[in-house]
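Q: Structure supplied as data-v1.cif; contents: mmCIF, C-alpha atoms.
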data_start
#
loop_
_atom_site.label_atom_id
_atom_site.label_comp_id
_atom_site.auth_asym_id
_atom_site.auth_seq_id
_atom_site.Cartn_x
_atom_site.Cartn_y
_atom_site.Cartn_z
CA MET X 1 17.03 -9.75 21.32
CA SER X 2 17.57 -6.61 23.38
CA ASP X 3 14.82 -4.01 23.66
CA PHE X 4 16.86 -1.56 21.62
CA LYS X 5 17.49 -3.97 18.74
CA THR X 6 13.81 -4.94 18.64
CA ALA X 7 12.84 -1.25 18.65
CA VAL X 8 15.18 -0.52 15.71
CA LYS X 9 13.67 -3.39 13.75
CA LEU X 10 10.09 -2.37 14.56
CA SER X 11 10.67 1.28 13.74
CA LEU X 12 12.31 0.69 10.31
CA PRO X 13 9.09 1.38 8.36
CA VAL X 14 8.73 4.63 10.32
CA LEU X 15 12.28 5.54 9.32
CA GLY X 16 11.22 5.31 5.67
CA ALA X 17 8.03 7.27 6.22
CA TYR X 18 9.54 9.98 8.43
CA TRP X 19 12.60 10.55 6.30
CA PHE X 20 10.44 10.98 3.24
CA LEU X 21 7.93 13.27 4.97
CA GLY X 22 10.64 15.05 6.98
CA VAL X 23 12.76 15.74 3.89
CA THR X 24 9.68 17.08 2.10
CA TYR X 25 8.93 19.30 5.11
CA GLY X 26 12.51 20.61 5.27
CA LEU X 27 12.55 21.22 1.50
CA LEU X 28 9.29 23.15 1.72
CA ALA X 29 10.56 25.26 4.64
CA SER X 30 13.75 26.15 2.79
CA SER X 31 11.85 26.93 -0.43
CA MET X 32 9.69 29.34 1.61
CA ASP X 33 12.89 31.08 2.78
CA TYR X 34 12.44 30.34 6.48
CA PRO X 35 15.58 30.55 8.62
CA PHE X 36 16.84 27.13 9.77
CA TRP X 37 15.56 27.51 13.36
CA VAL X 38 11.88 27.65 12.27
CA PRO X 39 11.54 24.10 10.84
CA LEU X 40 13.98 22.77 13.47
CA CYS X 41 12.17 24.26 16.49
CA MET X 42 8.82 23.06 15.14
CA ALA X 43 10.15 19.53 14.55
CA ILE X 44 11.48 19.46 18.13
CA LEU X 45 8.60 21.20 19.94
CA VAL X 46 5.49 20.40 17.91
CA TYR X 47 6.52 17.00 16.46
CA SER X 48 3.35 16.50 14.44
CA GLY X 49 3.80 16.41 10.68
CA SER X 50 0.34 17.58 9.66
CA ALA X 51 0.39 20.53 12.12
CA GLU X 52 3.91 21.54 11.02
CA PHE X 53 3.06 21.60 7.31
CA ILE X 54 0.07 23.86 7.99
CA ALA X 55 2.13 25.99 10.39
CA LEU X 56 4.57 26.81 7.56
CA THR X 57 1.75 28.67 5.80
CA ILE X 58 0.46 30.24 9.05
CA LEU X 59 3.91 31.64 9.96
CA CYS X 60 4.12 33.71 6.79
CA SER X 61 0.64 35.24 7.16
CA ALA X 62 -0.74 37.80 9.64
CA PHE X 63 -0.18 37.23 13.39
CA ASN X 64 -3.19 35.37 14.83
CA PRO X 65 -2.30 33.03 17.71
CA LEU X 66 -5.94 32.04 18.33
CA SER X 67 -6.44 30.65 14.83
CA ALA X 68 -3.09 28.84 15.17
CA VAL X 69 -4.34 27.21 18.40
CA VAL X 70 -7.65 26.21 16.78
CA MET X 71 -5.77 24.70 13.83
CA ALA X 72 -3.44 22.72 16.12
CA LEU X 73 -6.32 21.44 18.26
CA MET X 74 -8.37 20.35 15.23
CA VAL X 75 -5.48 18.65 13.46
CA GLY X 76 -4.30 17.07 16.74
CA ALA X 77 -7.74 15.88 17.89
CA ARG X 78 -7.02 12.33 16.72
CA HIS X 79 -4.30 12.13 19.42
CA LEU X 80 -7.16 11.97 21.97
CA PHE X 81 -8.07 8.56 20.56
CA TYR X 82 -4.47 7.34 20.86
CA GLY X 83 -4.31 8.51 24.47
CA ILE X 84 -7.58 6.77 25.37
CA THR X 85 -6.31 3.54 23.79
CA MET X 86 -2.93 3.70 25.56
CA LEU X 87 -4.33 4.69 29.01
CA ASP X 88 -3.85 1.18 30.42
CA ARG X 89 -0.76 0.34 28.37
CA TYR X 90 1.30 3.30 29.57
CA ARG X 91 0.11 3.02 33.19
CA GLY X 92 3.01 2.34 35.57
CA ALA X 93 5.68 3.54 33.12
CA GLY X 94 7.04 5.93 35.78
CA TRP X 95 9.45 8.59 34.52
CA ARG X 96 9.10 7.24 31.00
CA LYS X 97 5.37 8.05 30.88
CA PRO X 98 5.62 11.82 30.11
CA LEU X 99 8.02 11.04 27.24
CA LEU X 100 5.81 8.24 25.88
CA ILE X 101 2.89 10.71 25.89
CA LEU X 102 4.90 13.59 24.38
CA TRP X 103 6.09 11.37 21.50
CA LEU X 104 2.71 9.74 20.75
CA THR X 105 2.42 10.22 16.98
CA ASP X 106 0.25 8.26 14.51
CA GLU X 107 3.10 5.94 13.61
CA THR X 108 4.54 5.50 17.12
CA PHE X 109 1.06 4.73 18.44
CA ALA X 110 0.47 2.17 15.71
CA ILE X 111 3.81 0.39 16.27
CA ASN X 112 3.59 0.37 20.08
CA TYR X 113 -0.08 -0.63 20.08
CA ALA X 114 0.53 -3.57 17.75
CA ASN X 115 3.63 -4.93 19.49
CA LYS X 116 2.84 -4.83 23.23
CA GLY X 117 6.53 -4.51 24.15
CA SER X 118 8.14 -3.56 27.48
CA PHE X 119 8.21 0.09 28.59
CA VAL X 120 11.90 0.25 27.63
CA GLN X 121 11.19 -1.07 24.13
CA GLN X 122 8.22 1.29 23.65
CA LEU X 123 10.31 4.24 24.80
CA TRP X 124 13.07 3.29 22.34
CA VAL X 125 10.55 3.11 19.50
CA SER X 126 9.22 6.54 20.52
CA LEU X 127 12.68 8.09 20.78
CA LEU X 128 13.91 6.57 17.49
CA ASP X 129 10.83 7.85 15.64
CA TYR X 130 11.43 11.31 17.13
CA CYS X 131 15.05 11.27 15.92
CA TYR X 132 14.01 10.10 12.43
CA TRP X 133 11.57 13.00 12.14
CA ILE X 134 14.03 15.69 13.26
CA SER X 135 16.91 14.33 11.16
CA GLY X 136 14.64 14.08 8.10
CA GLY X 137 13.62 17.73 8.46
CA VAL X 138 17.24 18.85 8.88
CA MET X 139 18.35 16.85 5.81
CA GLY X 140 15.49 18.25 3.75
CA TYR X 141 16.34 21.82 4.71
CA TRP X 142 20.01 21.38 3.83
CA LEU X 143 19.24 19.58 0.58
CA GLY X 144 16.71 22.28 -0.26
CA SER X 145 19.28 25.03 0.32
CA ALA X 146 21.85 23.13 -1.76
CA MET X 147 19.84 21.91 -4.72
CA GLY X 148 16.28 23.23 -4.55
CA GLU X 149 13.14 21.20 -5.12
CA ARG X 150 14.58 19.26 -8.09
CA LEU X 151 15.33 16.49 -5.60
CA LEU X 152 11.65 15.64 -5.08
CA GLN X 153 11.13 14.45 -8.65
CA TYR X 154 13.51 11.55 -8.04
CA LEU X 155 11.40 10.47 -5.07
CA ASP X 156 8.18 10.34 -7.10
CA GLY X 157 5.73 7.89 -5.51
CA LEU X 158 7.78 7.30 -2.36
CA ASP X 159 5.10 9.15 -0.38
CA PHE X 160 3.03 5.96 -0.73
CA VAL X 161 5.20 4.52 2.07
CA VAL X 162 2.88 6.24 4.57
CA THR X 163 -0.25 4.67 3.04
CA ALA X 164 1.43 1.26 2.77
CA MET X 165 2.42 1.49 6.44
CA PHE X 166 -1.11 2.20 7.63
CA VAL X 167 -2.53 -0.55 5.40
CA ALA X 168 0.01 -2.99 6.89
CA ILE X 169 -0.89 -1.88 10.43
CA PHE X 170 -4.61 -2.10 9.66
CA MET X 171 -4.25 -5.60 8.18
CA ASP X 172 -2.04 -6.78 11.05
CA ASP X 173 -4.65 -5.61 13.56
CA TYR X 174 -7.48 -7.05 11.44
CA ILE X 175 -5.93 -10.52 11.30
CA ARG X 176 -5.05 -10.49 15.01
CA ASN X 177 -8.29 -9.16 16.56
CA ARG X 178 -11.50 -10.74 15.36
CA THR X 179 -13.69 -8.93 17.89
CA THR X 180 -12.82 -5.46 16.56
CA HIS X 181 -13.60 -6.13 12.87
CA ILE X 182 -16.78 -4.10 13.24
CA SER X 183 -14.90 -1.00 14.39
CA ALA X 184 -12.26 -1.42 11.66
CA TRP X 185 -15.00 -1.18 9.03
CA LEU X 186 -16.68 1.59 11.01
CA GLY X 187 -13.47 3.64 10.80
CA ILE X 188 -13.16 3.18 7.04
CA GLY X 189 -16.85 3.77 6.37
CA ALA X 190 -17.25 6.83 8.60
CA ALA X 191 -14.06 8.44 7.23
CA ALA X 192 -15.03 7.77 3.59
CA VAL X 193 -18.52 9.22 4.03
CA CYS X 194 -17.26 12.27 5.97
CA LEU X 195 -14.50 12.87 3.41
CA ALA X 196 -17.12 12.96 0.64
CA LEU X 197 -19.39 15.26 2.69
CA PHE X 198 -16.90 17.66 4.34
CA GLY X 199 -13.86 17.60 2.03
CA PRO X 200 -10.19 16.80 2.75
CA ASN X 201 -9.52 19.59 5.27
CA GLN X 202 -12.49 19.21 7.57
CA PHE X 203 -13.49 15.56 7.74
CA ILE X 204 -11.47 14.26 10.70
CA ILE X 205 -13.56 15.80 13.52
CA PRO X 206 -16.92 14.67 12.03
CA THR X 207 -15.39 11.20 11.46
CA MET X 208 -14.28 11.03 15.11
CA ALA X 209 -17.77 12.10 16.23
CA CYS X 210 -19.40 9.36 14.08
CA ILE X 211 -17.01 6.71 15.45
CA LEU X 212 -17.69 7.77 19.07
CA LEU X 213 -21.45 7.79 18.51
CA ALA X 214 -21.51 4.37 16.83
CA LEU X 215 -19.30 2.84 19.53
CA TYR X 216 -21.54 4.37 22.21
CA VAL X 217 -24.56 2.66 20.64
CA LYS X 218 -22.64 -0.63 20.66
CA TYR X 219 -21.60 -0.05 24.29
CA ARG X 220 -25.19 0.58 25.39
CA LYS X 221 -26.35 -2.58 23.62
CA GLU X 222 -23.67 -4.71 25.30
CA THR X 223 -24.12 -3.34 28.82
CA ARG X 224 -27.90 -3.50 28.86
CA MET N 1 4.81 38.14 11.09
CA ASN N 2 8.04 39.22 12.77
CA THR N 3 10.40 36.86 14.58
CA THR N 4 8.88 37.38 18.06
CA GLN N 5 5.41 36.71 16.68
CA GLN N 6 6.68 33.58 14.93
CA ILE N 7 8.19 32.30 18.19
CA ILE N 8 4.92 32.96 20.06
CA THR N 9 2.90 31.21 17.32
CA ILE N 10 5.19 28.15 17.35
CA LEU N 11 4.92 27.92 21.17
CA PHE N 12 1.11 28.13 20.99
CA ILE N 13 0.96 25.39 18.34
CA ALA N 14 3.37 23.23 20.37
CA ALA N 15 1.34 23.67 23.58
CA SER N 16 -1.94 22.87 21.79
CA THR N 17 -0.50 19.73 20.19
CA ILE N 18 0.94 18.53 23.51
CA ALA N 19 -2.48 19.18 25.10
CA THR N 20 -4.20 16.84 22.60
CA ARG N 21 -1.67 14.11 23.44
CA ALA N 22 -1.75 14.54 27.23
CA LEU N 23 -5.46 15.23 27.88
CA PRO N 24 -6.70 11.61 28.17
CA PHE N 25 -3.89 10.79 30.64
CA ILE N 26 -4.67 13.89 32.73
CA LEU N 27 -8.44 13.22 32.74
CA PHE N 28 -8.17 9.52 33.57
CA PRO N 29 -5.07 9.02 35.75
CA SER N 30 -6.20 5.79 37.42
CA GLN N 31 -8.19 2.82 36.18
CA LYS N 32 -10.59 3.04 39.14
CA HIS N 33 -11.92 6.42 38.07
CA THR N 34 -11.95 5.77 34.32
CA PRO N 35 -15.57 5.63 33.07
CA ARG N 36 -16.52 2.19 31.74
CA PHE N 37 -17.34 3.65 28.33
CA VAL N 38 -13.78 5.03 28.07
CA GLN N 39 -12.40 1.59 28.98
CA PHE N 40 -14.66 0.12 26.29
CA LEU N 41 -13.30 2.68 23.81
CA GLY N 42 -9.75 1.63 24.72
CA LYS N 43 -10.56 -1.79 23.29
CA TYR N 44 -12.41 -0.79 20.12
CA LEU N 45 -11.01 2.61 19.11
CA ALA N 46 -7.64 1.57 17.68
CA SER N 47 -9.08 -0.54 14.84
CA ALA N 48 -11.40 2.32 13.86
CA VAL N 49 -8.50 4.80 13.90
CA PHE N 50 -6.39 2.57 11.61
CA GLY N 51 -9.28 2.49 9.13
CA MET N 52 -9.64 6.27 9.38
CA LEU N 53 -5.89 6.76 8.80
CA ILE N 54 -6.02 4.81 5.52
CA ILE N 55 -8.75 7.15 4.26
CA TYR N 56 -6.70 10.08 5.63
CA CYS N 57 -3.80 9.03 3.39
CA VAL N 58 -5.94 9.25 0.23
CA LYS N 59 -7.81 12.41 1.24
CA ASP N 60 -6.11 14.57 -1.40
CA VAL N 61 -6.60 12.06 -4.23
CA SER N 62 -9.14 13.30 -6.79
CA PHE N 63 -11.37 10.31 -7.48
CA LEU N 64 -13.56 12.19 -9.95
CA SER N 65 -10.85 13.60 -12.22
CA GLY N 66 -7.29 12.93 -13.39
CA ASN N 67 -6.42 9.25 -12.99
CA HIS N 68 -9.37 8.74 -10.55
CA GLY N 69 -7.10 7.43 -7.83
CA VAL N 70 -6.52 4.21 -9.79
CA PRO N 71 -2.82 3.87 -8.79
CA GLN N 72 -3.65 4.44 -5.09
CA VAL N 73 -6.49 1.91 -5.10
CA ILE N 74 -4.38 -0.70 -6.92
CA GLY N 75 -1.47 0.02 -4.56
CA ILE N 76 -3.65 -0.44 -1.46
CA ALA N 77 -5.18 -3.64 -2.90
CA PHE N 78 -1.65 -4.95 -3.56
CA CYS N 79 -0.65 -4.20 0.06
CA VAL N 80 -3.75 -6.01 1.38
CA LEU N 81 -3.12 -9.12 -0.72
CA LEU N 82 0.61 -9.13 0.05
CA HIS N 83 -0.16 -8.91 3.76
CA LEU N 84 -2.79 -11.67 3.62
CA TRP N 85 -0.23 -13.85 1.82
CA ARG N 86 2.94 -13.35 3.91
CA LYS N 87 1.65 -11.56 7.08
CA ASN N 88 4.93 -9.65 7.24
CA MET N 89 4.49 -5.92 7.97
CA PHE N 90 7.87 -4.85 6.66
CA LEU N 91 7.45 -6.82 3.43
CA THR N 92 3.99 -5.27 2.91
CA ILE N 93 5.34 -1.74 3.37
CA ALA N 94 8.48 -2.11 1.26
CA GLY N 95 6.83 -4.26 -1.44
CA GLY N 96 3.73 -2.08 -1.62
CA THR N 97 5.74 1.15 -1.93
CA LEU N 98 8.03 -0.25 -4.64
CA PHE N 99 5.00 -1.64 -6.51
CA TYR N 100 3.33 1.80 -6.37
CA MET N 101 6.48 3.61 -7.53
CA VAL N 102 6.56 1.33 -10.60
CA ILE N 103 2.85 1.45 -11.51
CA ILE N 104 2.59 5.25 -11.41
CA HIS N 105 4.97 5.20 -14.37
CA ILE N 106 3.14 2.40 -16.18
CA ILE N 107 -0.51 3.46 -15.70
CA PRO N 108 -0.23 6.80 -17.61
CA MET N 109 1.06 4.81 -20.63
CA LEU N 110 -2.20 2.83 -20.73
CA TYR N 111 -4.37 5.88 -21.32
#
Could you spell out this file's structure in structure tokens?
A:
Amino acid sequence: MSDFKTAVKLSLPVLGAYWFLGVTYGLLASSMDYPFWVPLCMAILVYSGSAEFIALTILCSAFNPLSAVVMALMVGARHLFYGITMLDRYRGAGWRKPLLILWLTDETFAINYANKGSFVQQLWVSLLDYCYWISGGVMGYWLGSAMGERLLQYLDGLDFVVTAMFVAIFMDDYIRNRTTHISAWLGIGAAAVCLALFGPNQFIIPTMACILLALYVKYRKETR
Amino acid sequence: MNTTQQIITILFIAASTIATRALPFILFPSQKHTPRFVQFLGKYLASAVFGMLIIYCVKDVSFLSGNHGVPQVIGIAFCVLLHLWRKNMFLTIAGGTLFYMVIIHIIPMLY
């Protein structure tokens, strides 16, 4: 099978997830009366769902670029972990490397990490995911302008596609890699505890700190 | 916020997001100079992140009120079992989502 065909097949779950999230994002932007270029430019330039949803509320409040930067850095901090994991994998990708880095989202990372494809295949997955996200946002905005938020009630429960995708990715990784079972449970445990302690908007950074600390302890034990 | 301010804000958010994606590659361009702990992280971090992302998906579920996150927990359990049974990622995602879309209409009837 060609790299492109494989990439289409691999990225199908992301199509479902991104169209659902993208349509929701476009609908929200149109319901907040933003001109079309706002959600479109953010989808193209920012390309990070969680940051874009928050940005929609920032853009209609008082001008404060510093707090916008802090928000984007906090929400995007998890990308650091994806970069560290893909350091070796994306080495030697040549001109494709900047694009692979620019398009490194949660879902693209998960798909490319799990499938160990060629650079061409990984770039196709990244590009396809990018197109799904932008097209989803555009569709949502148009649908929102045409028929309002009534549309969302027909899609009730479809948002679970994102959860199902991460569970599938988690399980796939869990079955494949016996040696990393300990960090899989560490991720779940640390995130659950930090969510209970810090609440839904502030638990990611503490979770990342806990994971780093625990893995450092493990590293010291193994290298001693 | 006027239009110019909105453009500036979007550019700042875009630059910050790109920075989070690019930083590891800028800091550690070659394997020779990558600290051994970072190489160690490259092996163990992904599994931890996948676990964290599952919790991230249920972060807005109220486990202490409403339906106590019962549909989400059942949906996730269904995905886990389906994946253990068939080991097919696409089947897990499609089957799990459809299952969830059905049970959120059934569970309220049981109360």
Q: Let me know the residues the PyMOL selection byres ((chain X and resi 54) around 12) catches in the file above, as an MDAnalysis selection string.
A: (chainID X and resid 25 28:29 39 42 46 48:53 55:61 67:72 74:76 201) or (chainID N and resid 10 13)
Q: Within 7 Å of chain N, which residues belong to chain X? Use all atoms listed in the file and report them as a PyMOL selection string.
A: chain X and resi 13+42+45-46+59-63+65+68-69+72-73+76-77+79-81+83-85+87+101-102+104+156-158+160-161+163-168+170-171+173+180+183-188+191-192+200+219
Q: Smallest atom-to-atom distance to Lys218 of chain X: which of X:Ala17, X:Leu197, X:Ile204, X:Ile182, using only C-alpha atoms?
A: X:Ile182
Q: Using Å and a single decimal, report how far atom CA of Ser145 of chain X sits from atom CA of Cys131 of chain X.
A: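 Separation between atom CA of Cys131 of chain X and atom CA of Ser145 of chain X: 21.2 Å.
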Q: Take atom CA of Pro206 of chain X and atom CA of Gly66 of chain N and report the distance between them in Å, one decimal.
A: 27.2 Å
Q: Select, from X:Gly16, X:Gly137, X:Gly117, X:Pro98, the residue with the minimum atom-to-atom distance to Ser30 of chain X, counting all atoms listed in the file.
A: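 Looking at the shortest contact to Ser30 of chain X, the residue is X:Gly137.
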Q: List the residues selected by the PyMOL selection byres ((chain X and resi 111-115) around 9) in the file shown, writing them as a ChimeraX atom specification.
A: /X:10-11,14,85-86,89,106-110,116-117,121-122,125-126,169,172-173 /N:46
Q: In Å, with one decimal, what is the gap from atom CA of Trp85 of chain N to atom CA of His68 of chain N?
A: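 Taking atom CA of Trp85 of chain N and atom CA of His68 of chain N, their separation equals 27.3 Å.
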Q: Can you translate the PyMOL selection byres ((chain X and resi 20-23) around 7) into the concrete residues it hits in this file, as a PyMOL selection string?
A: chain X and resi 16-19+24-27+133+136-137+139-140+159
Q: Please determine, counting all atoms listed in the file, which residue among X:Asp33, X:Arg176, X:Lys221, X:Cys194 has the shortest atom-to-atom distance to Thr207 of chain X.
A: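 Under the stated criterion, the closest residue is X:Cys194.
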Q: Using all atoms listed in the file, find the one residue out of X:Ile175, X:Ala43, X:Met1, X:Cys210 that sits nearest to Gly189 of chain X.
A: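 Selected residue with least distance to Gly189 of chain X: X:Cys210.
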